[in-house]
Each structure stands twice: as structure tokens, then as C-alpha cells.
>>> print(open('target_39.csv').read())   # CSV, N, CA and C atoms
chain,number,residue,atom,x,y,z
A,1,MET,N,-9.5,13.6,51.3
A,1,MET,CA,-8.1,14.1,51.2
A,1,MET,C,-7.3,13.6,52.3
A,2,SER,N,-6.1,13.2,52.0
A,2,SER,CA,-5.2,12.7,53.1
A,2,SER,C,-4.2,13.8,53.3
A,3,THR,N,-3.7,13.8,54.6
A,3,THR,CA,-2.6,14.7,54.9
A,3,THR,C,-1.3,14.1,54.8
A,4,ALA,N,-0.3,14.8,54.4
A,4,ALA,CA,1.0,14.3,54.2
A,4,ALA,C,1.7,14.3,55.5
A,5,SER,N,2.5,13.3,55.8
A,5,SER,CA,3.3,13.2,57.0
A,5,SER,C,4.5,14.1,57.0
A,6,THR,N,4.8,14.8,58.1
A,6,THR,CA,6.0,15.7,58.1
A,6,THR,C,7.2,15.0,58.7
A,7,ARG,N,7.0,13.7,59.2
A,7,ARG,CA,8.2,13.0,59.8
A,7,ARG,C,9.0,12.4,58.6
A,8,LEU,N,10.3,12.3,58.9
A,8,LEU,CA,11.2,11.7,57.9
A,8,LEU,C,11.1,10.1,58.1
A,9,PRO,N,11.3,9.4,57.1
A,9,PRO,CA,11.3,7.9,57.2
A,9,PRO,C,12.4,7.5,58.2
A,10,GLU,N,12.0,6.5,59.1
A,10,GLU,CA,12.9,6.1,60.1
A,10,GLU,C,14.1,5.4,59.4
A,11,GLY,N,15.3,5.6,59.9
A,11,GLY,CA,16.5,5.0,59.5
A,11,GLY,C,17.1,5.4,58.2
A,12,ARG,N,16.4,6.3,57.5
A,12,ARG,CA,16.8,6.7,56.2
A,12,ARG,C,17.9,7.7,56.2
A,13,TYR,N,17.8,8.7,57.1
A,13,TYR,CA,18.8,9.8,57.1
A,13,TYR,C,19.7,9.8,58.2
A,14,GLY,N,19.6,8.9,59.2
A,14,GLY,CA,20.5,8.9,60.4
A,14,GLY,C,20.2,10.0,61.3
A,15,ARG,N,21.1,10.1,62.4
A,15,ARG,CA,21.0,11.2,63.3
A,15,ARG,C,21.6,12.5,62.8
A,16,SER,N,21.1,13.6,63.2
A,16,SER,CA,21.6,14.8,62.7
A,16,SER,C,22.9,15.1,63.4
A,17,SER,N,23.8,15.9,62.7
A,17,SER,CA,25.1,16.2,63.3
A,17,SER,C,25.0,17.1,64.5
A,18,ASP,N,24.0,17.9,64.6
A,18,ASP,CA,23.8,18.8,65.7
A,18,ASP,C,23.5,18.0,67.0
A,19,ALA,N,22.7,16.9,66.9
A,19,ALA,CA,22.3,16.1,68.0
A,19,ALA,C,23.6,15.4,68.5
A,20,ARG,N,24.4,14.9,67.6
A,20,ARG,CA,25.7,14.2,68.1
A,20,ARG,C,26.6,15.2,68.8
A,21,ALA,N,26.7,16.4,68.2
A,21,ALA,CA,27.6,17.4,68.8
A,21,ALA,C,27.1,17.9,70.2
A,22,ASP,N,25.8,18.0,70.3
A,22,ASP,CA,25.2,18.3,71.6
A,22,ASP,C,25.5,17.3,72.7
A,23,ARG,N,25.3,16.0,72.3
A,23,ARG,CA,25.6,14.9,73.2
A,23,ARG,C,27.1,14.9,73.6
A,24,THR,N,28.0,15.1,72.7
A,24,THR,CA,29.4,15.1,73.0
A,24,THR,C,29.7,16.3,73.9
A,25,LEU,N,29.2,17.4,73.7
A,25,LEU,CA,29.4,18.6,74.5
A,25,LEU,C,28.9,18.3,75.9
A,26,LYS,N,27.8,17.7,76.1
A,26,LYS,CA,27.2,17.4,77.4
A,26,LYS,C,28.2,16.5,78.2
A,27,ILE,N,28.7,15.4,77.5
A,27,ILE,CA,29.6,14.5,78.1
A,27,ILE,C,30.9,15.2,78.5
A,28,VAL,N,31.5,15.9,77.6
A,28,VAL,CA,32.7,16.6,78.0
A,28,VAL,C,32.5,17.6,79.1
A,29,GLY,N,31.4,18.4,79.1
A,29,GLY,CA,31.1,19.3,80.1
A,29,GLY,C,30.9,18.6,81.5
A,30,GLY,N,30.2,17.5,81.5
A,30,GLY,CA,30.0,16.8,82.7
A,30,GLY,C,31.4,16.3,83.3
A,31,VAL,N,32.2,15.7,82.5
A,31,VAL,CA,33.5,15.2,82.9
A,31,VAL,C,34.4,16.4,83.5
A,32,LEU,N,34.4,17.5,82.7
A,32,LEU,CA,35.2,18.6,83.2
A,32,LEU,C,34.6,19.2,84.5
A,33,GLY,N,33.3,19.2,84.7
A,33,GLY,CA,32.7,19.7,85.9
A,33,GLY,C,33.1,18.8,87.1
A,34,VAL,N,33.1,17.5,86.9
A,34,VAL,CA,33.4,16.6,88.0
A,34,VAL,C,34.9,16.7,88.3
A,35,LEU,N,35.8,16.9,87.3
A,35,LEU,CA,37.2,17.1,87.6
A,35,LEU,C,37.4,18.4,88.4
A,36,LEU,N,36.7,19.5,88.0
A,36,LEU,CA,36.9,20.8,88.7
A,36,LEU,C,36.4,20.6,90.2
A,37,LEU,N,35.3,20.0,90.4
A,37,LEU,CA,34.8,19.8,91.8
A,37,LEU,C,35.8,18.9,92.6
A,38,ALA,N,36.4,17.9,92.0
A,38,ALA,CA,37.4,17.1,92.7
A,38,ALA,C,38.7,18.0,93.0
A,39,LEU,N,39.1,18.8,92.1
A,39,LEU,CA,40.3,19.7,92.3
A,39,LEU,C,40.0,20.7,93.5
A,40,ILE,N,38.8,21.3,93.5
A,40,ILE,CA,38.5,22.2,94.5
A,40,ILE,C,38.4,21.5,95.9
A,41,GLY,N,37.8,20.3,95.9
A,41,GLY,CA,37.8,19.5,97.1
A,41,GLY,C,39.2,19.2,97.7
A,42,TYR,N,40.1,18.8,96.8
A,42,TYR,CA,41.4,18.5,97.2
A,42,TYR,C,42.1,19.7,97.8
A,43,PHE,N,42.0,20.8,97.1
A,43,PHE,CA,42.7,22.0,97.7
A,43,PHE,C,42.1,22.5,99.0
A,44,ALA,N,40.8,22.3,99.1
A,44,ALA,CA,40.1,22.7,100.4
A,44,ALA,C,40.5,21.8,101.5
A,45,TYR,N,40.6,20.5,101.2
A,45,TYR,CA,41.1,19.6,102.2
A,45,TYR,C,42.6,19.9,102.6
A,46,TYR,N,43.4,20.1,101.6
A,46,TYR,CA,44.8,20.3,101.9
A,46,TYR,C,45.0,21.6,102.7
A,47,TYR,N,44.2,22.7,102.4
A,47,TYR,CA,44.4,24.0,103.0
A,47,TYR,C,43.8,23.9,104.4
A,48,VAL,N,42.6,23.4,104.6
A,48,VAL,CA,42.0,23.4,105.9
A,48,VAL,C,42.4,22.2,106.8
A,49,GLY,N,42.5,21.0,106.2
A,49,GLY,CA,42.8,19.8,106.9
A,49,GLY,C,44.2,19.7,107.3
A,50,GLN,N,45.1,20.1,106.5
A,50,GLN,CA,46.5,19.9,106.8
A,50,GLN,C,47.2,21.1,107.6
A,51,ASN,N,46.5,22.2,107.7
A,51,ASN,CA,47.1,23.4,108.4
A,51,ASN,C,46.9,23.2,109.8
A,52,LYS,N,47.9,22.8,110.6
A,52,LYS,CA,47.7,22.5,112.0
A,52,LYS,C,48.1,23.7,112.9
A,53,ILE,N,48.6,24.7,112.3
A,53,ILE,CA,49.0,25.9,113.1
A,53,ILE,C,48.7,27.2,112.3
A,54,SER,N,48.1,28.1,113.0
A,54,SER,CA,47.8,29.4,112.4
A,54,SER,C,48.0,30.5,113.4
A,55,ALA,N,48.2,31.7,113.0
A,55,ALA,CA,48.4,32.8,113.9
A,55,ALA,C,47.9,34.1,113.3
A,56,GLU,N,47.9,35.2,114.1
A,56,GLU,CA,47.6,36.5,113.6
A,56,GLU,C,48.3,37.5,114.5
A,57,VAL,N,48.7,38.6,113.9
A,57,VAL,CA,49.4,39.7,114.6
A,57,VAL,C,48.3,40.5,115.3
A,58,ILE,N,48.4,40.6,116.7
A,58,ILE,CA,47.5,41.4,117.4
A,58,ILE,C,47.9,42.9,117.5
A,59,GLU,N,49.1,43.1,117.8
A,59,GLU,CA,49.7,44.5,117.7
A,59,GLU,C,51.2,44.4,117.6
A,60,PHE,N,51.8,45.5,117.3
A,60,PHE,CA,53.3,45.5,117.3
A,60,PHE,C,53.8,46.9,117.7
A,61,ASP,N,55.0,46.9,118.2
A,61,ASP,CA,55.6,48.2,118.7
A,61,ASP,C,57.0,48.3,118.0
A,62,ALA,N,57.1,49.2,117.1
A,62,ALA,CA,58.3,49.4,116.3
A,62,ALA,C,59.3,50.3,117.2
A,63,GLN,N,60.5,49.8,117.3
A,63,GLN,CA,61.6,50.5,118.0
A,63,GLN,C,62.7,50.8,117.1
A,64,LYS,N,63.8,51.3,117.5
A,64,LYS,CA,64.9,51.7,116.7
A,64,LYS,C,65.5,50.5,116.0
A,65,ASP,N,65.8,49.4,116.7
A,65,ASP,CA,66.5,48.3,116.1
A,65,ASP,C,65.7,47.0,116.3
A,66,ALA,N,64.5,47.1,116.6
A,66,ALA,CA,63.7,45.9,116.8
A,66,ALA,C,62.2,46.2,116.7
A,67,VAL,N,61.4,45.2,116.5
A,67,VAL,CA,59.9,45.3,116.5
A,67,VAL,C,59.4,44.2,117.5
A,68,LYS,N,58.7,44.7,118.5
A,68,LYS,CA,58.0,43.7,119.4
A,68,LYS,C,56.6,43.4,118.8
A,69,VAL,N,56.4,42.1,118.6
A,69,VAL,CA,55.2,41.7,117.9
A,69,VAL,C,54.4,40.8,118.8
A,70,HIS,N,53.1,41.1,119.0
A,70,HIS,CA,52.2,40.3,119.9
A,70,HIS,C,51.5,39.3,118.9
A,71,LEU,N,51.8,38.0,119.0
A,71,LEU,CA,51.2,37.0,118.2
A,71,LEU,C,50.2,36.2,119.0
A,72,GLU,N,49.1,35.9,118.3
A,72,GLU,CA,48.1,34.9,118.9
A,72,GLU,C,48.2,33.7,118.0
A,73,VAL,N,48.6,32.6,118.5
A,73,VAL,CA,48.8,31.3,117.7
A,73,VAL,C,47.8,30.3,118.1
A,74,ARG,N,47.1,29.7,117.1
A,74,ARG,CA,46.2,28.6,117.4
A,74,ARG,C,46.7,27.4,116.7
A,75,LYS,N,46.7,26.3,117.4
A,75,LYS,CA,47.3,25.0,116.8
A,75,LYS,C,46.6,23.8,117.5
A,76,ASP,N,46.8,22.7,116.8
A,76,ASP,CA,46.3,21.4,117.4
A,76,ASP,C,47.2,21.1,118.6
A,77,ALA,N,46.6,20.4,119.6
A,77,ALA,CA,47.3,20.0,120.8
A,77,ALA,C,48.4,19.1,120.4
A,78,GLY,N,49.6,19.4,120.9
A,78,GLY,CA,50.8,18.5,120.6
A,78,GLY,C,51.5,18.8,119.3
A,79,ALA,N,50.9,19.7,118.5
A,79,ALA,CA,51.5,20.0,117.2
A,79,ALA,C,52.6,21.1,117.4
A,80,SER,N,53.6,21.0,116.6
A,80,SER,CA,54.7,22.0,116.7
A,80,SER,C,54.9,22.6,115.3
A,81,GLY,N,55.5,23.8,115.3
A,81,GLY,CA,55.7,24.4,114.1
A,81,GLY,C,56.3,25.8,114.3
A,82,TYR,N,56.3,26.6,113.2
A,82,TYR,CA,56.9,27.9,113.3
A,82,TYR,C,56.1,28.9,112.5
A,83,CYS,N,56.2,30.2,112.9
A,83,CYS,CA,55.6,31.3,112.1
A,83,CYS,C,56.7,32.2,111.7
A,84,THR,N,56.6,32.7,110.5
A,84,THR,CA,57.5,33.7,109.9
A,84,THR,C,57.0,35.1,110.0
A,85,VAL,N,57.7,36.0,110.5
A,85,VAL,CA,57.3,37.4,110.7
A,85,VAL,C,58.4,38.3,110.0
A,86,ARG,N,58.0,39.3,109.3
A,86,ARG,CA,58.9,40.3,108.8
A,86,ARG,C,58.5,41.7,109.0
A,87,SER,N,59.5,42.6,108.9
A,87,SER,CA,59.3,44.0,109.1
A,87,SER,C,59.9,44.7,107.9
A,88,GLN,N,59.2,45.8,107.5
A,88,GLN,CA,59.7,46.7,106.4
A,88,GLN,C,59.9,48.1,106.9
A,89,ALA,N,60.8,48.8,106.2
A,89,ALA,CA,61.1,50.2,106.5
A,89,ALA,C,60.0,51.0,105.8
A,90,GLU,N,60.1,52.4,106.0
A,90,GLU,CA,59.1,53.3,105.3
A,90,GLU,C,59.2,53.2,103.8
A,91,ASN,N,60.4,52.9,103.3
A,91,ASN,CA,60.5,52.9,101.8
A,91,ASN,C,60.2,51.5,101.2
A,92,GLY,N,59.7,50.5,102.1
A,92,GLY,CA,59.3,49.2,101.6
A,92,GLY,C,60.4,48.2,101.6
A,93,ALA,N,61.6,48.5,102.0
A,93,ALA,CA,62.7,47.6,102.1
A,93,ALA,C,62.5,46.7,103.3
A,94,GLU,N,62.8,45.4,103.2
A,94,GLU,CA,62.7,44.5,104.3
A,94,GLU,C,63.9,44.7,105.2
A,95,VAL,N,63.6,45.0,106.5
A,95,VAL,CA,64.7,45.3,107.5
A,95,VAL,C,64.8,44.1,108.5
A,96,GLY,N,63.9,43.2,108.5
A,96,GLY,CA,64.0,42.1,109.4
A,96,GLY,C,63.1,41.0,109.1
A,97,ARG,N,63.5,39.7,109.3
A,97,ARG,CA,62.7,38.5,109.1
A,97,ARG,C,63.2,37.4,110.0
A,98,ALA,N,62.2,36.8,110.6
A,98,ALA,CA,62.6,35.7,111.6
A,98,ALA,C,61.5,34.7,111.7
A,99,ASP,N,61.9,33.4,112.0
A,99,ASP,CA,61.0,32.3,112.3
A,99,ASP,C,60.9,32.2,113.8
A,100,PHE,N,59.7,32.1,114.3
A,100,PHE,CA,59.5,31.9,115.8
A,100,PHE,C,58.8,30.5,116.0
A,101,ARG,N,59.3,29.7,116.8
A,101,ARG,CA,58.9,28.3,117.0
A,101,ARG,C,57.8,28.3,118.1
A,102,PHE,N,56.8,27.4,117.9
A,102,PHE,CA,55.7,27.2,118.8
A,102,PHE,C,55.5,25.7,118.9
A,103,ASP,N,55.6,25.2,120.2
A,103,ASP,CA,55.3,23.7,120.4
A,103,ASP,C,54.6,23.6,121.8
A,104,GLY,N,54.4,22.4,122.1
A,104,GLY,CA,53.7,22.1,123.4
A,104,GLY,C,52.3,21.6,123.2
A,105,ASP,N,51.6,21.5,124.3
A,105,ASP,CA,50.2,20.9,124.3
A,105,ASP,C,49.2,22.0,124.2
A,106,ALA,N,49.5,23.2,124.5
A,106,ALA,CA,48.5,24.3,124.5
A,106,ALA,C,48.0,24.5,123.1
A,107,THR,N,46.7,24.8,123.0
A,107,THR,CA,46.0,25.0,121.6
A,107,THR,C,46.0,26.5,121.3
A,108,ARG,N,46.2,27.3,122.2
A,108,ARG,CA,46.1,28.8,122.0
A,108,ARG,C,47.3,29.4,122.8
A,109,ILE,N,48.1,30.1,122.1
A,109,ILE,CA,49.3,30.8,122.7
A,109,ILE,C,49.3,32.2,122.4
A,110,ASP,N,49.4,33.1,123.4
A,110,ASP,CA,49.6,34.5,123.2
A,110,ASP,C,51.0,34.8,123.6
A,111,LYS,N,51.8,35.3,122.7
A,111,LYS,CA,53.2,35.5,122.9
A,111,LYS,C,53.7,36.8,122.3
A,112,VAL,N,54.6,37.5,123.0
A,112,VAL,CA,55.2,38.7,122.4
A,112,VAL,C,56.6,38.3,122.0
A,113,VAL,N,56.9,38.4,120.8
A,113,VAL,CA,58.3,38.1,120.3
A,113,VAL,C,59.0,39.3,119.8
A,114,THR,N,60.3,39.3,119.8
A,114,THR,CA,61.1,40.4,119.4
A,114,THR,C,61.8,40.1,118.1
A,115,LEU,N,61.5,40.9,117.1
A,115,LEU,CA,62.1,40.8,115.8
A,115,LEU,C,63.2,41.8,115.6
A,116,ARG,N,64.4,41.4,115.6
A,116,ARG,CA,65.6,42.3,115.4
A,116,ARG,C,65.6,42.8,114.0
A,117,THR,N,65.8,44.1,113.8
A,117,THR,CA,65.8,44.8,112.5
A,117,THR,C,67.2,45.5,112.3
A,118,THR,N,67.5,45.7,111.0
A,118,THR,CA,68.7,46.4,110.6
A,118,THR,C,68.6,47.9,110.7
A,119,SER,N,67.4,48.4,110.6
A,119,SER,CA,67.1,49.8,110.8
A,119,SER,C,65.7,49.9,111.3
A,120,GLN,N,65.2,51.2,111.4
A,120,GLN,CA,63.8,51.4,112.0
A,120,GLN,C,62.8,50.7,111.1
A,121,GLY,N,62.0,49.8,111.7
A,121,GLY,CA,60.9,49.1,111.0
A,121,GLY,C,59.6,49.8,111.3
A,122,THR,N,58.7,49.8,110.3
A,122,THR,CA,57.5,50.4,110.4
A,122,THR,C,56.3,49.5,110.4
A,123,THR,N,56.5,48.2,110.1
A,123,THR,CA,55.5,47.2,110.0
A,123,THR,C,55.9,45.9,110.7
A,124,ALA,N,54.9,45.1,111.0
A,124,ALA,CA,55.1,43.7,111.4
A,124,ALA,C,54.1,42.9,110.6
A,125,GLU,N,54.6,42.0,109.8
A,125,GLU,CA,53.7,41.3,108.9
A,125,GLU,C,54.0,39.8,109.1
A,126,LEU,N,52.9,39.0,109.3
A,126,LEU,CA,52.9,37.6,109.5
A,126,LEU,C,52.9,37.0,108.1
A,127,LEU,N,54.0,36.3,107.7
A,127,LEU,CA,54.1,35.7,106.3
A,127,LEU,C,53.4,34.4,106.3
A,128,GLY,N,53.3,33.7,107.4
A,128,GLY,CA,52.7,32.4,107.4
A,128,GLY,C,53.2,31.5,108.5
A,129,CYS,N,52.5,30.4,108.7
A,129,CYS,CA,52.9,29.4,109.7
A,129,CYS,C,52.9,28.1,109.1
A,130,HIS,N,53.8,27.2,109.6
A,130,HIS,CA,54.0,25.9,109.0
A,130,HIS,C,54.2,24.9,110.1
A,131,SER,N,53.5,23.8,110.0
A,131,SER,CA,53.7,22.7,111.0
A,131,SER,C,54.8,21.8,110.6
A,132,ASP,N,55.4,21.1,111.6
A,132,ASP,CA,56.6,20.2,111.3
A,132,ASP,C,56.1,18.9,110.9
>>> encode(input="target_39.csv", output="C-alpha cells")
Amino acid sequence: MSTASTRLPEGRYGRSSDARADRTLKIVGGVLGVLLLALIGYFAYYYVGQNKISAEVIEFDAQKDAVKVHLEVRKDAGASGYCTVRSQAENGAEVGRADFRFDGDATRIDKVVTLRTTSQGTTAELLGCHSD
């Protein structure tokens, strides 16, 4: 007694449509994955590599018509730029906003700046720093 073969004759029926779809999905997925990694790499470089000045608010003292803000600024030697600080009232309205300039060769600057306000401010918020 001979056993019947379960394989299909070669070349008679072609590739199945599922195998073609799987291969296409793998290719498309690979290309999209590479593009996503490239995009993440670009944004990481732009954010970390291009930001030459950064700061943080250490403390602030709110007064009647001004807010004294203690900023710690870190920057590259010789880089210059500015940091934007704002203050808000109790109800959330903005009562003051100003840009403070930092330049020179120092890489770390501790400075107390005075932000003039239109009424009593209750916060001091660093909005961001930008290099020239």
C-alpha cells in the first residue's frame, strides 16, 4: 500500500494570498518603525543638543507690586539668551511677564530678578529659556 502525498504540486497553485499579505505587512511595519525611530532621534537631538540655556526657579517672594524671583541658570560658556518668567494672581489672571537676559562666560548663574506686576502676584513661573 502506498501513502498519498499531502503536499500540493509545485508551481500549480502559486503562493497563498495570506503569505503575500504577511510579507507586505512586515515590510510596511519595518519601514514605519525605522521612520518612527528617526523622528524620535531628531526630536531628542533638537531638544537636548540645541538647548544651550536652561533655568529653574529656586524661590520667589511675592510683594504688592513685584515678585522677586531667584533663578539658577545653566548655560554653555559664552552662550547668551533669555528666560521668560510670569506671575499670576490668586484668580489665575496673569499680572506680570518679563524676559531676563543672561550672557557672559559663566556656565552657572544664580541671580535674583525683580518681576514688576500690575497687582499682587501669588506665583513665579518659568515659562522657558531660549538661546540667541
>>> residues_around(input="target_39.csv", residues="stretch 58-72 of chain A", least_positions_apart="6", cutoff="6 Å", atoms="only C-alpha atoms", output="list of chain:residue names")
A:Ile109, A:Asp110, A:Lys111, A:Val112, A:Val113, A:Thr114, A:Leu115, A:Arg116, A:Thr117, A:Ser119, A:Gln120, A:Gly121
>>> select_by_dssp(input="target_39.csv", residues="chain A", states="alpha helix (DSSP H)", output="list of chain:residue names")
A:Ser17, A:Asp18, A:Ala19, A:Arg20, A:Ala21, A:Asp22, A:Arg23, A:Thr24, A:Leu25, A:Lys26, A:Ile27, A:Val28, A:Gly29, A:Gly30, A:Val31, A:Leu32, A:Gly33, A:Val34, A:Leu35, A:Leu36, A:Leu37, A:Ala38, A:Leu39, A:Ile40, A:Gly41, A:Tyr42, A:Phe43, A:Ala44, A:Gln50
>>> write_last_selection(input="target_39.csv", atoms="N, CA and C atoms", output="short mmCIF file (atom, residue, chain, number, x, y, z; two decimals), keeping the file's coordinate frame")
data_model
loop_
_atom_site.label_atom_id
_atom_site.label_comp_id
_atom_site.auth_asym_id
_atom_site.auth_seq_id
_atom_site.Cartn_x
_atom_site.Cartn_y
_atom_site.Cartn_z
N SER A 17 23.80 15.90 62.70
CA SER A 17 25.10 16.20 63.30
C SER A 17 25.00 17.10 64.50
N ASP A 18 24.00 17.90 64.60
CA ASP A 18 23.80 18.80 65.70
C ASP A 18 23.50 18.00 67.00
N ALA A 19 22.70 16.90 66.90
CA ALA A 19 22.30 16.10 68.00
C ALA A 19 23.60 15.40 68.50
N ARG A 20 24.40 14.90 67.60
CA ARG A 20 25.70 14.20 68.10
C ARG A 20 26.60 15.20 68.80
N ALA A 21 26.70 16.40 68.20
CA ALA A 21 27.60 17.40 68.80
C ALA A 21 27.10 17.90 70.20
N ASP A 22 25.80 18.00 70.30
CA ASP A 22 25.20 18.30 71.60
C ASP A 22 25.50 17.30 72.70
N ARG A 23 25.30 16.00 72.30
CA ARG A 23 25.60 14.90 73.20
C ARG A 23 27.10 14.90 73.60
N THR A 24 28.00 15.10 72.70
CA THR A 24 29.40 15.10 73.00
C THR A 24 29.70 16.30 73.90
N LEU A 25 29.20 17.40 73.70
CA LEU A 25 29.40 18.60 74.50
C LEU A 25 28.90 18.30 75.90
N LYS A 26 27.80 17.70 76.10
CA LYS A 26 27.20 17.40 77.40
C LYS A 26 28.20 16.50 78.20
N ILE A 27 28.70 15.40 77.50
CA ILE A 27 29.60 14.50 78.10
C ILE A 27 30.90 15.20 78.50
N VAL A 28 31.50 15.90 77.60
CA VAL A 28 32.70 16.60 78.00
C VAL A 28 32.50 17.60 79.10
N GLY A 29 31.40 18.40 79.10
CA GLY A 29 31.10 19.30 80.10
C GLY A 29 30.90 18.60 81.50
N GLY A 30 30.20 17.50 81.50
CA GLY A 30 30.00 16.80 82.70
C GLY A 30 31.40 16.30 83.30
N VAL A 31 32.20 15.70 82.50
CA VAL A 31 33.50 15.20 82.90
C VAL A 31 34.40 16.40 83.50
N LEU A 32 34.40 17.50 82.70
CA LEU A 32 35.20 18.60 83.20
C LEU A 32 34.60 19.20 84.50
N GLY A 33 33.30 19.20 84.70
CA GLY A 33 32.70 19.70 85.90
C GLY A 33 33.10 18.80 87.10
N VAL A 34 33.10 17.50 86.90
CA VAL A 34 33.40 16.60 88.00
C VAL A 34 34.90 16.70 88.30
N LEU A 35 35.80 16.90 87.30
CA LEU A 35 37.20 17.10 87.60
C LEU A 35 37.40 18.40 88.40
N LEU A 36 36.70 19.50 88.00
CA LEU A 36 36.90 20.80 88.70
C LEU A 36 36.40 20.60 90.20
N LEU A 37 35.30 20.00 90.40
CA LEU A 37 34.80 19.80 91.80
C LEU A 37 35.80 18.90 92.60
N ALA A 38 36.40 17.90 92.00
CA ALA A 38 37.40 17.10 92.70
C ALA A 38 38.70 18.00 93.00
N LEU A 39 39.10 18.80 92.10
CA LEU A 39 40.30 19.70 92.30
C LEU A 39 40.00 20.70 93.50
N ILE A 40 38.80 21.30 93.50
CA ILE A 40 38.50 22.20 94.50
C ILE A 40 38.40 21.50 95.90
N GLY A 41 37.80 20.30 95.90
CA GLY A 41 37.80 19.50 97.10
C GLY A 41 39.20 19.20 97.70
N TYR A 42 40.10 18.80 96.80
CA TYR A 42 41.40 18.50 97.20
C TYR A 42 42.10 19.70 97.80
N PHE A 43 42.00 20.80 97.10
CA PHE A 43 42.70 22.00 97.70
C PHE A 43 42.10 22.50 99.00
N ALA A 44 40.80 22.30 99.10
CA ALA A 44 40.10 22.70 100.40
C ALA A 44 40.50 21.80 101.50
N GLN A 50 45.10 20.10 106.50
CA GLN A 50 46.50 19.90 106.80
C GLN A 50 47.20 21.10 107.60
#
>>> atom_distance(input="target_39.csv", atom1="atom N of A:Tyr47", atom2="atom C of A:Leu127")
15.4 Å
>>> closest_residue(input="target_39.csv", among="A:Glu90, A:Glu125, A:Asp22, A:Asp76", to="A:Asp105", atoms="only C-alpha atoms")
A:Asp76
>>> atom_distance(input="target_39.csv", atom1="atom CA of A:Gly128", atom2="atom CA of A:Ala106")
19.4 Å
>>> closest_residue(input="target_39.csv", among="A:Val28, A:Ala124, A:Ile53, A:Ala44", to="A:Ser80", atoms="all atoms listed in the file")
A:Ile53
>>> closest_residue(input="target_39.csv", among="A:Val85, A:Val34, A:Val73, A:Leu126", to="A:Phe102", atoms="only C-alpha atoms")
A:Val73
>>> select_by_dssp(input="target_39.csv", residues="chain A", states="strand (DSSP E)", output="PyMOL selection string")
chain A and resi 53-62+66-75+81-88+94-102+108-116+125-131
>>> atom_distance(input="target_39.csv", atom1="atom CA of A:Thr84", atom2="atom CA of A:Arg101")
9.0 Å
>>> build_atoms(input="target_39.csv", residues="stretch 52-57 of chain A", atoms="all heavy atoms", output="PDB file, in the frame of the given file")
ATOM      1  N   LYS A  52      47.900  22.800 110.600  1.00  0.00           N
ATOM      2  CA  LYS A  52      47.700  22.500 112.000  1.00  0.00           C
ATOM      3  C   LYS A  52      48.100  23.700 112.900  1.00  0.00           C
ATOM      4  O   LYS A  52      47.923  23.608 114.113  1.00  0.00           O
ATOM      5  CB  LYS A  52      48.497  21.268 112.406  1.00  0.00           C
ATOM      6  CG  LYS A  52      48.035  20.031 111.688  1.00  0.00           C
ATOM      7  CD  LYS A  52      48.865  18.846 112.049  1.00  0.00           C
ATOM      8  CE  LYS A  52      48.372  17.641 111.286  1.00  0.00           C
ATOM      9  NZ  LYS A  52      49.158  16.468 111.528  1.00  0.00           N
ATOM     10  N   ILE A  53      48.600  24.700 112.300  1.00  0.00           N
ATOM     11  CA  ILE A  53      49.000  25.900 113.100  1.00  0.00           C
ATOM     12  C   ILE A  53      48.700  27.200 112.300  1.00  0.00           C
ATOM     13  O   ILE A  53      48.958  27.226 111.109  1.00  0.00           O
ATOM     14  CB  ILE A  53      50.547  25.799 113.465  1.00  0.00           C
ATOM     15  CG1 ILE A  53      50.978  26.961 114.343  1.00  0.00           C
ATOM     16  CG2 ILE A  53      51.408  25.689 112.252  1.00  0.00           C
ATOM     17  CD1 ILE A  53      52.363  26.787 114.940  1.00  0.00           C
ATOM     18  N   SER A  54      48.100  28.100 113.000  1.00  0.00           N
ATOM     19  CA  SER A  54      47.800  29.400 112.400  1.00  0.00           C
ATOM     20  C   SER A  54      48.000  30.500 113.400  1.00  0.00           C
ATOM     21  O   SER A  54      48.003  30.243 114.608  1.00  0.00           O
ATOM     22  CB  SER A  54      46.436  29.451 111.776  1.00  0.00           C
ATOM     23  OG  SER A  54      45.493  29.339 112.811  1.00  0.00           O
ATOM     24  N   ALA A  55      48.200  31.700 113.000  1.00  0.00           N
ATOM     25  CA  ALA A  55      48.400  32.800 113.900  1.00  0.00           C
ATOM     26  C   ALA A  55      47.900  34.100 113.300  1.00  0.00           C
ATOM     27  O   ALA A  55      47.625  34.211 112.082  1.00  0.00           O
ATOM     28  CB  ALA A  55      49.905  32.929 114.211  1.00  0.00           C
ATOM     29  N   GLU A  56      47.900  35.200 114.100  1.00  0.00           N
ATOM     30  CA  GLU A  56      47.600  36.500 113.600  1.00  0.00           C
ATOM     31  C   GLU A  56      48.300  37.500 114.500  1.00  0.00           C
ATOM     32  O   GLU A  56      48.609  37.254 115.690  1.00  0.00           O
ATOM     33  CB  GLU A  56      46.115  36.800 113.620  1.00  0.00           C
ATOM     34  CG  GLU A  56      45.452  36.854 114.970  1.00  0.00           C
ATOM     35  CD  GLU A  56      43.974  37.196 114.867  1.00  0.00           C
ATOM     36  OE1 GLU A  56      43.648  38.226 114.272  1.00  0.00           O
ATOM     37  OE2 GLU A  56      43.166  36.417 115.381  1.00  0.00           O
ATOM     38  N   VAL A  57      48.700  38.600 113.900  1.00  0.00           N
ATOM     39  CA  VAL A  57      49.400  39.700 114.600  1.00  0.00           C
ATOM     40  C   VAL A  57      48.300  40.500 115.300  1.00  0.00           C
ATOM     41  O   VAL A  57      47.394  41.056 114.699  1.00  0.00           O
ATOM     42  CB  VAL A  57      50.195  40.599 113.675  1.00  0.00           C
ATOM     43  CG1 VAL A  57      50.769  41.796 114.416  1.00  0.00           C
ATOM     44  CG2 VAL A  57      51.297  39.796 113.008  1.00  0.00           C
TER      45      VAL A  57
END
